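S.K.: So that we are looking at the same thing, I have put the structure below in structure tokens.
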There are 2 protein chains.
Amino acid sequence: MARKEKYDSDETLGRATALFWMQGYHATSMKDLETALDLGPGSIYARFGSKAGVFEAALKNYAAGRRIELERHLEAHDTVLDGLAAYAGSFRNLCERDAPSVACMMMKSVTELHATEPELQTVASELLDATEDMFTEQFARAKSEGELSADSDPAFLGAWLQAEIMGIRTYAQKANTAERVGQLADGLATRVRALRAG
Amino acid sequence: MARKEKYDSDETLGRATALFWMQGYHATSMKDLETALDLGPGSIYARFGSKAGVFEAALKNYAAGRRIELERHLEAHDTVLDGLAAYAGSFRNLCERDAPSVACMMMKSVTELHATEPELQTVASELLDATEDMFTEQFARAKSEGELSADSDPAFLGAWLQAEIMGIRTYAQKANTAERVGQLADGLATRVRALRAG
DNA sequence: ACTATTTTTGAACGATCACTCAAATGTGAA
DNA sequence: TTCACATTTGAGTGATCGTTCAAAAATAGT
């Protein structure tokens, strides 16, 4: 029927994600993408439509990865707060990881693209909102299970946790000492556990 | 002797700062700068040497502004912790300000330029470190004055405060509700005050 | 082998990029 | 008025930007 695609679509998207995550939107050129994906411009445009299209797909791919990461931490612990605290504490070794960037890609996008690429910025904002909603849902579950006191506000706690993580990841990008980042992440994990009622 | 400069140097630098703060480094072109500063490319290169030179000057100009802002809050309050808490609380109305960007310019630079412009990223990192050092010095002063307990760690608290502010400012860039940002800033101010010994 | 369909290839487009430089312009001392 | 000099002007540099598209290549059913 038709010619086969040169590469697996997931790996292609993964490489685009790594590139955009590392360099950001504006600093990444189509030529960069062509060499990283080992694909001609025509192939890329056939699949994604535009540079912005590649970026949007990469951003959603990134967000899906973070969602899975959170779910894994939640499943690995018996209570909601323990799971969230473990997730928070997992940023302890942020500087030692060999990820494309220390900072979160959604975060980087939201700050980089606010003035210049409003549509893409909106995509990033909505993905961050979805992540915050996951936190909020978990806090709500903790509340209904009695782990969190009855007067606590899950929506506020969701926003708070997201802001805390954003702070640590941005601080880590400054990269003076990995040790300090570890202290900050441990401190956050402790504060999450300290929310426990009684 | 010589021809006068077309504009006051401070205002020129201020306009460059606003532009880079808003759009970031890569998304701002020399043409953008030329029209914003109402100056030909030759004039800009004569003063700053390169686009990176303009950016570096703008970044340092921005950092100086933030330093003054902090000092003002400290002078306006009787104790160190009250001053720092007021500074933290001042981000309450972050979304209502008409600044070039909600997020901090040093923060944006540190994440945007990590992979592509290492020298400029280092400049931004060092300016952030200098800001953190200001926090640390104030916490140390609070400790020596007995406002902070003897077992507290000023260096950790400095890092912590900077990370907290980074978190709130990045969260605010997502811009879903100004009210939530206010709650987060108030919460941080409260936590700073709660550090008070006894 | 032929055909229909999908994908890749890569040269080429106009626009814009950061940057240069010789000439013009303004300035104050002599 | 003249002159030395700092500053501005703006056309022009080659390189790279995002994007297009016609032609070539690869596949699977007939």
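Please note that chains go A, B, ... in the order of the structure tokens, that every chain numbers its residues from 1, and that ligands are numbered from 1 in the order shown.
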Can you write out as a Markdown table which residues of chain A fall within 9 Å of chain B, alongside each residue's closest atom pair and its distance in Å to one decimal, counting only C-alpha atoms and ordering rows by chain and ascending residue number?

M.R.:
```
| residue | atom | partner | partner_atom | distance |
| --- | --- | --- | --- | --- |
| A:Met22 | CA | B:Ala115 | CA | 6.4 |
| A:Gln23 | CA | B:Ala115 | CA | 5.8 |
| A:Gly24 | CA | B:Glu112 | CA | 6.5 |
| A:His26 | CA | B:His26 | CA | 5.9 |
| A:Ala27 | CA | B:His26 | CA | 6.1 |
| A:Ser101 | CA | B:His114 | CA | 8.4 |
| A:Val102 | CA | B:Thr111 | CA | 8.7 |
| A:Ala103 | CA | B:Thr111 | CA | 6.9 |
| A:Met107 | CA | B:Thr170 | CA | 7.1 |
| A:Lys108 | CA | B:Thr111 | CA | 6.5 |
| A:Val110 | CA | B:Lys174 | CA | 6.4 |
| A:Thr111 | CA | B:Gln173 | CA | 6.4 |
| A:Glu112 | CA | B:Gly24 | CA | 6.5 |
| A:Leu113 | CA | B:Gln23 | CA | 7.6 |
| A:His114 | CA | B:Gln23 | CA | 7.7 |
| A:Ala115 | CA | B:Gln23 | CA | 5.7 |
| A:Thr116 | CA | B:Gln23 | CA | 6.4 |
| A:Gln121 | CA | B:Lys174 | CA | 8.6 |
| A:Thr122 | CA | B:Lys174 | CA | 8.5 |
| A:Ala124 | CA | B:Lys174 | CA | 8.3 |
| A:Ser125 | CA | B:Lys174 | CA | 5.3 |
| A:Glu126 | CA | B:Lys174 | CA | 8.4 |
| A:Leu128 | CA | B:Lys174 | CA | 7.7 |
| A:Asp129 | CA | B:Lys174 | CA | 8.1 |
| A:Phe156 | CA | B:Arg180 | CA | 7.4 |
| A:Ala159 | CA | B:Arg180 | CA | 7.7 |
| A:Trp160 | CA | B:Leu184 | CA | 6.6 |
| A:Gln162 | CA | B:Tyr171 | CA | 7.6 |
| A:Ala163 | CA | B:Gly167 | CA | 4.5 |
| A:Glu164 | CA | B:Gly167 | CA | 5.5 |
| A:Ile165 | CA | B:Gly167 | CA | 7.0 |
| A:Met166 | CA | B:Gly167 | CA | 4.8 |
| A:Gly167 | CA | B:Gly167 | CA | 3.5 |
| A:Ile168 | CA | B:Ala163 | CA | 5.6 |
| A:Arg169 | CA | B:Ala163 | CA | 8.4 |
| A:Thr170 | CA | B:Met166 | CA | 6.8 |
| A:Tyr171 | CA | B:Ala163 | CA | 5.5 |
| A:Ala172 | CA | B:Ala163 | CA | 8.8 |
| A:Gln173 | CA | B:Thr111 | CA | 6.4 |
| A:Lys174 | CA | B:Ser125 | CA | 5.3 |
| A:Ala175 | CA | B:Ser125 | CA | 7.9 |
| A:Asn176 | CA | B:Asp129 | CA | 8.2 |
| A:Arg180 | CA | B:Phe156 | CA | 7.4 |
| A:Val181 | CA | B:Ala159 | CA | 8.8 |
| A:Gln183 | CA | B:Phe156 | CA | 8.1 |
| A:Leu184 | CA | B:Trp160 | CA | 6.6 |
```

S.K.: Just need the residues of chain B within 12 Å of chain D, counting only C-alpha atoms (C1' of nucleotides), so spit them out as a list in words.

M.R.: Met1, Ala2, Arg3, Lys4, Glu5, Lys6, Tyr7, Glu34, Asp38, Leu39, Gly40, Pro41, Gly42, Ser43, Ile44, Tyr45, Ala46 and Arg47 of chain B

S.K.: Interatomic distance between atom CA of Thr177 of chain B and atom CA of Ala64 of chain A?

M.R.: 24.2 Å

S.K.: Compile the residues of chain C that lie within 10 Å of chain B, evaluated using only C-alpha atoms (C1' of nucleotides), and express the compilation as JSON, numbers by chain.

M.R.: {"C": [16, 17, 18, 19, 20, 21, 25, 26, 27, 28, 29]}

S.K.: Where in segment 18-105 of chain A does DSSP assign helix (DSSP H, G or I), given as a PyMOL selection string?

M.R.: chain A and resi 18-23+30-37+41-48+51-75+80-93+105

S.K.: Taking 3 positions as the minimum chain separation for residues in the same chain, which residues sit within 8 Å of Ala86 of chain B when counting only C-alpha atoms (C1' of nucleotides)? Answer as a list in words.

M.R.: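 Residues meeting the cut-off are His73, Asp82, Gly83, Gly89, Ser90 and Ala189 of chain B.
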
S.K.: Just want the 8 Å neighbourhood of segment 60-62 of chain B, counted on only C-alpha atoms (C1' of nucleotides), with same-chain residues fewer than 4 positions away dropped. Output as number ranges by chain.

M.R.: B: 13-14, 17, 56, 66, 105, 127

S.K.: Atom CA of Asp186 of chain A to atom CA of Glu96 of chain A: how many Å, to one decimal?

M.R.: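 It comes out at 15.5 Å.
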
S.K.: Mind giving me the straight-line distance from atom CA of Arg67 of chain A to atom CA of Leu94 of chain A in Å, one decimal?

M.R.: 17.3 Å
